[in-house]
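Trainee: Below is one structure. I have some questions about it.
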2 protein chains.
Amino acid sequence: MDDLGEGIERQPQTLAIEDAVKVLLQGLGEDINREGIKKTPFRVAKALREATKGYKQKVKDIVEGALFPEAGLDAAVGDAGGAGGLVVVRDLDLFSYCESCMLPFQFKCHVGYIPSGQRVLGLSKLSRVADVFAKRLQDPQRLADEVCSALHRWIKPTGVAIVLECWHPSLESFVMDSNREGWSSWVLVRSGSGVFDNVDEGESWNDFLSLLKFKFVAPWSRSRSCSSLKVSYKEGQLDSGMVTAVDSILRCLGEDPVREELVGTPVRFVKWLMNFRNTGFEMKLNGFVYGKNLANHKEEQLQIELNLSFWSQCEHHLLPFYGVVHIGYFGFNRVPKSLLRSIVHFYGFKLQVQERLTRQIAEVVSSLVGGDVMVVVEAAHTCMISRGIEKFGSSTATIAVLGRFSAEPGARAMFLESLPNSSIELGPS
Amino acid sequence: MDDLGEGIERQPQTLAIEDAVKVLLQGLGEDINREGIKKTPFRVAKALREATKGYKQKVKDIVEGALFPEAGLDAAVGDAGGAGGLVVVRDLDLFSYCESCMLPFQFKCHVGYIPSGQRVLGLSKLSRVADVFAKRLQDPQRLADEVCSALHRWIKPTGVAIVLECWHPSLESFVMDSNREGWSSWVLVRSGSGVFDNVDEGESWNDFLSLLKFKFVAPWSRSRSCSSLKVSYKEGQLDSGMVTAVDSILRCLGEDPVREELVGTPVRFVKWLMNFRNTGFEMKLNGFVYGKNLANHKEEQLQIELNLSFWSQCEHHLLPFYGVVHIGYFGFNRVPKSLLRSIVHFYGFKLQVQERLTRQIAEVVSSLVGGDVMVVVEAAHTCMISRGIEKFGSSTATIAVLGRFSAEPGARAMFLESLPNSSIELGPS
């Protein structure tokens with residue numbers, strides 16, 4: 001937080017964002033003094049200010065002192081070194097915030113530039129400059145354009161080429177039957193200057209793309225806009241106080257809420273957030289009766305339901321986490337998959353922590369099948385990539401073990417061995 | 001750098017490390033006022049102090065305020081939620097500094113703990129606590145033990161389990177015929193407390209390892225120690241001023257140079273560094289004469305030599321970078337591979353920047369084959385994972401194009417298409 005100075009917790013922008021987050025939490029039907037979320041307003045304010053600190057950073061401060069003299073070729077005909085030899089840095093993992101929906105999105109940044117004037121830039125500065133523009137509310141194409149022109153301005157090269165692969169949480173998958181492919185939509189954008197100016201052709205682009213080893217150069221795709229977001233909550237029902245609160249957050253971050261691209265953002269954010277409102281009522285199980293025969297307890301079979309997908313919202317940071325639930329239980333009959341899926345969605349669409357989600361699913365399934373239940377939840381947490389943590393590949397697993405699964409290691413092992421080997425990630429899998 | 005306070009550039013520890021680095025640079029035969037390296041002493045001092053700031057951090061400050069009350073099971077028999085339900089966070093990418101040789105090493109940290117007392121720790125704190133101990137001079141096993149006992153002390157859980165997968169630069173591969181497998185050696189260590197206390201068996205370990213999806217639980221391996229490092233430079237020839245300088249750096253970082261594990265470190269570090277001394281003399285090409293027939297210029301064939309491995313030392317940060325060189329040239333005959341490998345090694349074992357290395361290799365090969373040369377260098381830079389950049393998966397490619405390769409895009413494309421698809425990484429590939 002060094003760029004935001006000392007005492008961020010007392011700065012007026014931070015306090016104003018906290019007030020706005022309290023409005024949002026109350027709009028979700030939450031008690032803002034509940035133990036788990038009473039510090040959430042401060043955590044959200046701190047995370048948002050850190051995630052947008054790029055507004056205050058200057059490319060000049062990063063680049064100055066990191067331009068090194070480097071000779072070109074002595075006698076031979078051609079290009080190399082500090083004059084004309086393409087330099088490519090691949091696979092820089094970064095994240096930014098979508099200006100359309102205010103959710104963080106992960107991206108891989110690939111930078112190429114052709115030095116001129118016998119000087120090269122320290123390699124790590126390519127990452128630092130990209131991060132200055134990433135730490136703002138952004139659109140992938142504008143992000144690519146801004147990184148490109150900043151590098152061009154400061155390095156004064158023959159040309160700069162930028163390719164961004166972005167993974168945006170796919171809000172369209174907020175439906176009961178979403179499949180795992182739906183978690184994030186992939187967007188590939190590029191920007192070029194100088195000899196890379198024409199992004200649709202050119203020898204320089206061919207060289208650069210060859211080194212990125214893309215096997216899929218076309219098509220350059222744009223995401224379906226978040227602005228087409230379909231959610232079940234009707235716009236007419238939106239709490240105007242919540243919308244005003246998001247508008248106030250945008251101002252506190254130093255943005256102009258009437259900038260064209262931001263006009264719809266508060267409504268979109270509130271629409272999305274309302275998926276996670278505290279419904280309060282109990283889960284209805286539609287009278288499912290399992291008919292457990294306790295006398296033949298030991299002869300029941302292990303029943304397994306894998307990869308039930310879910311979305312949820314981390315109550316500590318108001319950021320999404322999502323993944324799959326695996327459920328194992330002993331019984332003669334299978335619980336209908338649609339019922340298990342409903343249970344997972346019911347406990348997912350709330351302000352949650354993964355440990356509690358796991359326990360709640362286990363408890364309600366236990367009430368259906370008579371006590372021998374094991375639940376494993378595997379999830380990617382957006383709060384682990386933003387907020388200065390930036391652990392892009394990490395994932396979290398939680399377990400609940402009830403009845404026989406608690407007493408018998410062999411039963412646990414049998415279920416654990418059945419789990420798929422694939423990992424849950426926000427970005428590239 | 002916030003933990004080191006304002007004005008790090010004027011702090012006495014920083015200035016003392018800078019003086020020591022100047023001694024090392026002079027010992028390598030470098031002019032410390034040369035443009036590319038005149039700020040290297042400050043860059044090295046800043047990087048080392050940042051990489052060891054864990055000595056000044058307190059786990060208490062991270063954990064306090066992030067322990068959340070979370071219920072256990074209401075009525076059912078078993079374990080879940082804030083009591084007894086295993087929580088696993090996988091694949092946290094971090095780096096530390098080896099106390100034996102003072103080089104950074106990358107590791108993946110996997111943490112598991114079983115909550116008790118109906119409280120859970122915010123997930124990101126598991127990463128932050130691990131980082132406190134990573135940002136010190138470390139040994140993999142001690143690092144695992146320290147993270148484990150700190151988490152146990154503060155969470156007060158039923159047990160903590162830590163698995164670290166470490167990739168240490170493999171100094172033993174400093175030989176002309178090193179192959180690519182030799183860049184890093186892999187070490188797997190684990191540590192446990194409470195119900196995980198016995199790391200060789202137990203139900204809890206079985207559950208944890210199942211969720212890590214290790215298909216290779218055994219053997220738990222230890223690296224061949226860096227202390228067995230073989231280098232060509234004789235110990236008797238070591239510059240005692242350089243050894244004293246490293247000793248002084250250890251003191252400035254807050255370490256005790258007579259601590260048992262550190263006693264040999266200055267000698268090992270200087271031995272390793274001396275591989276990169278400025279030899280000054282010209283590359284000898286052993287009278288190789290290519291016999292180029294310029295009249296039949298167009299009928300020469302494209303000759304390609306791929307994956308010539310190299311080690312080099314980034315002159316901006318005194319940190320290793322390494323990877324492969326691919327060389328293409330037009331000719332009737334092939335230049336002996338052993339000669340190309342010698343050229344790559346000669347220009348690699350120096351204080352370098354990748355752009356210059358690429359140009360120098362191209363120029364000397366050009367003098368052998370008559371001008372039509374293309375060189376691609378692909379490398380992983382240790383300075384991109386340490387120093388607050390932490391771009392673990394990134395790699396850098398540089399190109400030199402001479403003669404026909406400069407004039408003919410088709411020639412470039414033909415060579416680029418022949419490049420292997422594998423990427424160069426410090427850690428997992």
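By convention here, the chains of the structure tokens are called A, B, ... in the order presented, each chain's residues are numbered starting at 1, and ligands are numbered starting at 1 in the order presented.
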After a least-squares superposition of chain B onto chain A, with every Cα atom paired in order, give the RMSD to one decimal place.

Mentor: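 The root-mean-square deviation of C-alpha positions is 0.0 Å.
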
Trainee: Compute the set of chain B residues within 7 Å of chain A, using only C-alpha atoms, and express it as a count of residues only.

Mentor: 47

Trainee: Quick one: everything within 9 Å of B:Phe105, counting only C-alpha atoms, minus sequence neighbours fewer than 2 positions away in the same chain. Send it as an mmCIF file with C-alpha atoms, in the first residue's frame.

Mentor:
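To be explicit, this is the file written out as around.cif:
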```
data_model
loop_
_atom_site.group_PDB
_atom_site.id
_atom_site.type_symbol
_atom_site.label_atom_id
_atom_site.label_comp_id
_atom_site.auth_asym_id
_atom_site.auth_seq_id
_atom_site.Cartn_x
_atom_site.Cartn_y
_atom_site.Cartn_z
ATOM 1 C CA LEU B 94 6.641 -18.104 -3.567
ATOM 2 C CA PHE B 95 10.408 -17.687 -3.531
ATOM 3 C CA SER B 96 13.113 -17.713 -0.899
ATOM 4 C CA TYR B 97 16.905 -17.339 -0.719
ATOM 5 C CA CYS B 98 19.107 -20.357 -0.176
ATOM 6 C CA LEU B 103 20.642 -17.698 -4.735
ATOM 7 C CA PHE B 107 8.746 -23.079 -4.435
ATOM 8 C CA CYS B 166 11.269 -26.360 -4.274
ATOM 9 C CA TRP B 167 13.207 -25.746 -7.472
ATOM 10 C CA HIS B 168 16.795 -24.749 -6.746
ATOM 11 C CA PRO B 169 19.064 -23.568 -9.542
ATOM 12 C CA THR B 382 15.738 -15.145 -11.795
ATOM 13 C CA ILE B 385 10.756 -13.953 -9.803
ATOM 14 C CA SER B 386 12.527 -12.173 -6.953
ATOM 15 C CA LEU B 426 12.722 -21.849 -13.489
ATOM 16 C CA GLY B 427 10.241 -24.066 -11.758
#
```

Trainee: What lies within 7 Å of B:Leu308 using only C-alpha atoms, ignoring chain neighbours under 5 positions off, as a list in words?

Mentor: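 Final neighbour list, sorted by chain and number: Val324, Val325, His326 and Arg341 of chain B.
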